[in-house]
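The file query34.txt contains compact mmCIF, C-alpha atoms:
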# COMPACT_ATOMS: atom_id res chain seq x y z
CA MET A 12 -67.19 -138.56 -48.38
CA ILE A 13 -63.74 -139.85 -47.44
CA ALA A 14 -62.37 -143.10 -48.81
CA ASP A 15 -59.16 -145.09 -48.75
CA ASN A 16 -57.89 -148.33 -50.26
CA GLY A 17 -56.53 -149.93 -47.07
CA LYS A 18 -57.67 -153.08 -45.28
CA GLY A 19 -61.15 -151.71 -44.55
CA ILE A 20 -63.42 -152.70 -41.67
CA LYS A 21 -65.64 -155.78 -41.71
CA GLY A 22 -69.35 -154.98 -41.83
CA GLU A 23 -69.99 -156.52 -38.41
CA ASP A 24 -67.23 -154.36 -36.84
CA ARG A 25 -68.19 -150.95 -38.28
CA GLU A 26 -70.55 -149.87 -35.49
CA ARG A 27 -68.04 -150.92 -32.82
CA ALA A 28 -65.22 -149.07 -34.64
CA LEU A 29 -66.98 -145.78 -33.75
CA ASP A 30 -66.57 -146.41 -30.01
CA GLN A 31 -63.70 -144.91 -28.02
CA LEU A 32 -60.48 -146.90 -27.55
CA VAL A 33 -61.56 -149.71 -29.88
CA ARG A 34 -58.74 -151.48 -31.73
CA LEU A 35 -59.97 -154.05 -34.22
CA ASP A 36 -57.90 -157.18 -34.83
CA LEU A 37 -56.59 -155.95 -38.22
CA SER A 38 -55.19 -152.75 -36.66
CA ARG A 39 -53.57 -154.17 -33.52
CA SER A 40 -50.11 -154.22 -35.15
CA VAL A 41 -50.42 -150.58 -36.35
CA HIS A 42 -49.65 -147.58 -34.15
CA GLY A 43 -52.73 -145.79 -32.80
CA LEU A 44 -55.04 -145.41 -29.84
CA GLY A 45 -58.45 -146.16 -31.33
CA LEU A 46 -59.70 -142.59 -31.05
CA GLY A 47 -59.90 -141.36 -34.66
CA LEU A 48 -63.33 -142.61 -35.72
CA ALA A 49 -64.70 -142.14 -32.19
CA LEU A 50 -63.66 -138.49 -32.29
CA VAL A 51 -65.28 -137.95 -35.70
CA ASN A 52 -68.43 -139.69 -34.45
CA THR A 53 -68.61 -137.45 -31.37
CA VAL A 54 -68.11 -134.26 -33.41
CA MET A 55 -70.82 -135.34 -35.83
CA LYS A 56 -73.26 -135.94 -32.96
CA ILE A 57 -72.48 -132.48 -31.51
CA HIS A 58 -73.36 -130.96 -34.90
CA ASN A 59 -76.56 -133.01 -35.30
CA GLY A 60 -74.97 -135.24 -37.92
CA GLN A 61 -73.86 -138.81 -38.32
CA ILE A 62 -71.08 -140.86 -39.86
CA SER A 63 -71.81 -143.81 -42.10
CA LEU A 64 -69.12 -146.44 -42.80
CA SER A 65 -69.20 -148.73 -45.83
CA ASP A 66 -66.91 -150.81 -48.03
CA ASN A 67 -64.80 -149.02 -50.67
CA TYR A 68 -63.74 -152.25 -52.48
CA PRO A 69 -60.95 -152.26 -51.21
CA GLY A 70 -60.76 -150.03 -48.18
CA LEU A 71 -63.21 -148.02 -46.15
CA ARG A 72 -65.63 -145.27 -47.15
CA ALA A 73 -66.80 -142.78 -44.51
CA ARG A 74 -69.74 -140.56 -45.38
CA LEU A 75 -70.44 -137.57 -43.13
CA LEU A 76 -74.10 -136.59 -43.12
CA PHE A 77 -75.03 -133.17 -41.72
CA ASN A 78 -78.71 -132.76 -40.85
CA GLU A 79 -80.37 -129.38 -41.05
CA SER A 80 -81.43 -128.04 -37.67

Take the structure I supplied and represent it as structure tokens, if you would.
Amino acid sequence: MIADNGKGIKGEDRERALDQLVRLDLSRSVHGLGLGLALVNTVMKIHNGQISLSDNYPGLRARLLFNES
């Protein structure tokens, strides 16, 4: 599990945040390309896993779940 205490991601935006080149409204003024979570999501899929995003009160919590093959 990875967690921070930043602005977080609204529940309704979490699925979309895993797509490539997505910049949510809260991050538009911060440097970046919108590839970080999309890259993690793609790597997890390649390894038969998944990423789960939730609230960290405050911030974001990312849980990486690796499934046995």

Need the neighbours of (-60.1, -152.9, -53.4): which residues are at most 8 Å away, counting only C-alpha atoms, as a tab-separated table (two decimals) with C-alpha atoms, in the frame of the given file?
chain	number	residue	atom	x	y	z
A	16	ASN	CA	-57.89	-148.33	-50.26
A	17	GLY	CA	-56.53	-149.93	-47.07
A	67	ASN	CA	-64.80	-149.02	-50.67
A	68	TYR	CA	-63.74	-152.25	-52.48
A	69	PRO	CA	-60.95	-152.26	-51.21
A	70	GLY	CA	-60.76	-150.03	-48.18

**Request:** Would you mind reading off the distance between CA of Ser63 in chain A and CA of Glu26 in chain A, one decimal, in Å?
**Result:**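 Separation of CA of Ser63 in chain A and CA of Glu26 in chain A: 9.1 Å.
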
**Request:** Using only C-alpha atoms, find the one residue out of A:Leu71, A:Met12, A:Leu29, A:Leu35 that sits nearest to Thr53 in chain A.
**Result:** A:Leu29

**Message:** Between CA of Asp24 in chain A and CA of Glu79 in chain A, what is the distance in Å, rounded to a tenth?
**Reply:**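 These atoms are spaced 28.5 Å apart.
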
**Prompt:** Which is closest to Gly60 in chain A among A:Val33, A:Leu75, A:Ala14, A:Ile20, if we use only C-alpha atoms?
**Reply:** A:Leu75

**Request:** Kindly give the distance, in Å, that separates CA of Ala73 in chain A and CA of Ala28 in chain A, rounded to a single decimal.
**Result:**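 One can read the CA of Ala73 in chain A to CA of Ala28 in chain A distance as 11.8 Å.
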
**Asked** Closest to Met55 in chain A among A:Arg74, A:Arg25, A:Lys18, A:Arg34, using only C-alpha atoms?
**Response** A:Arg74
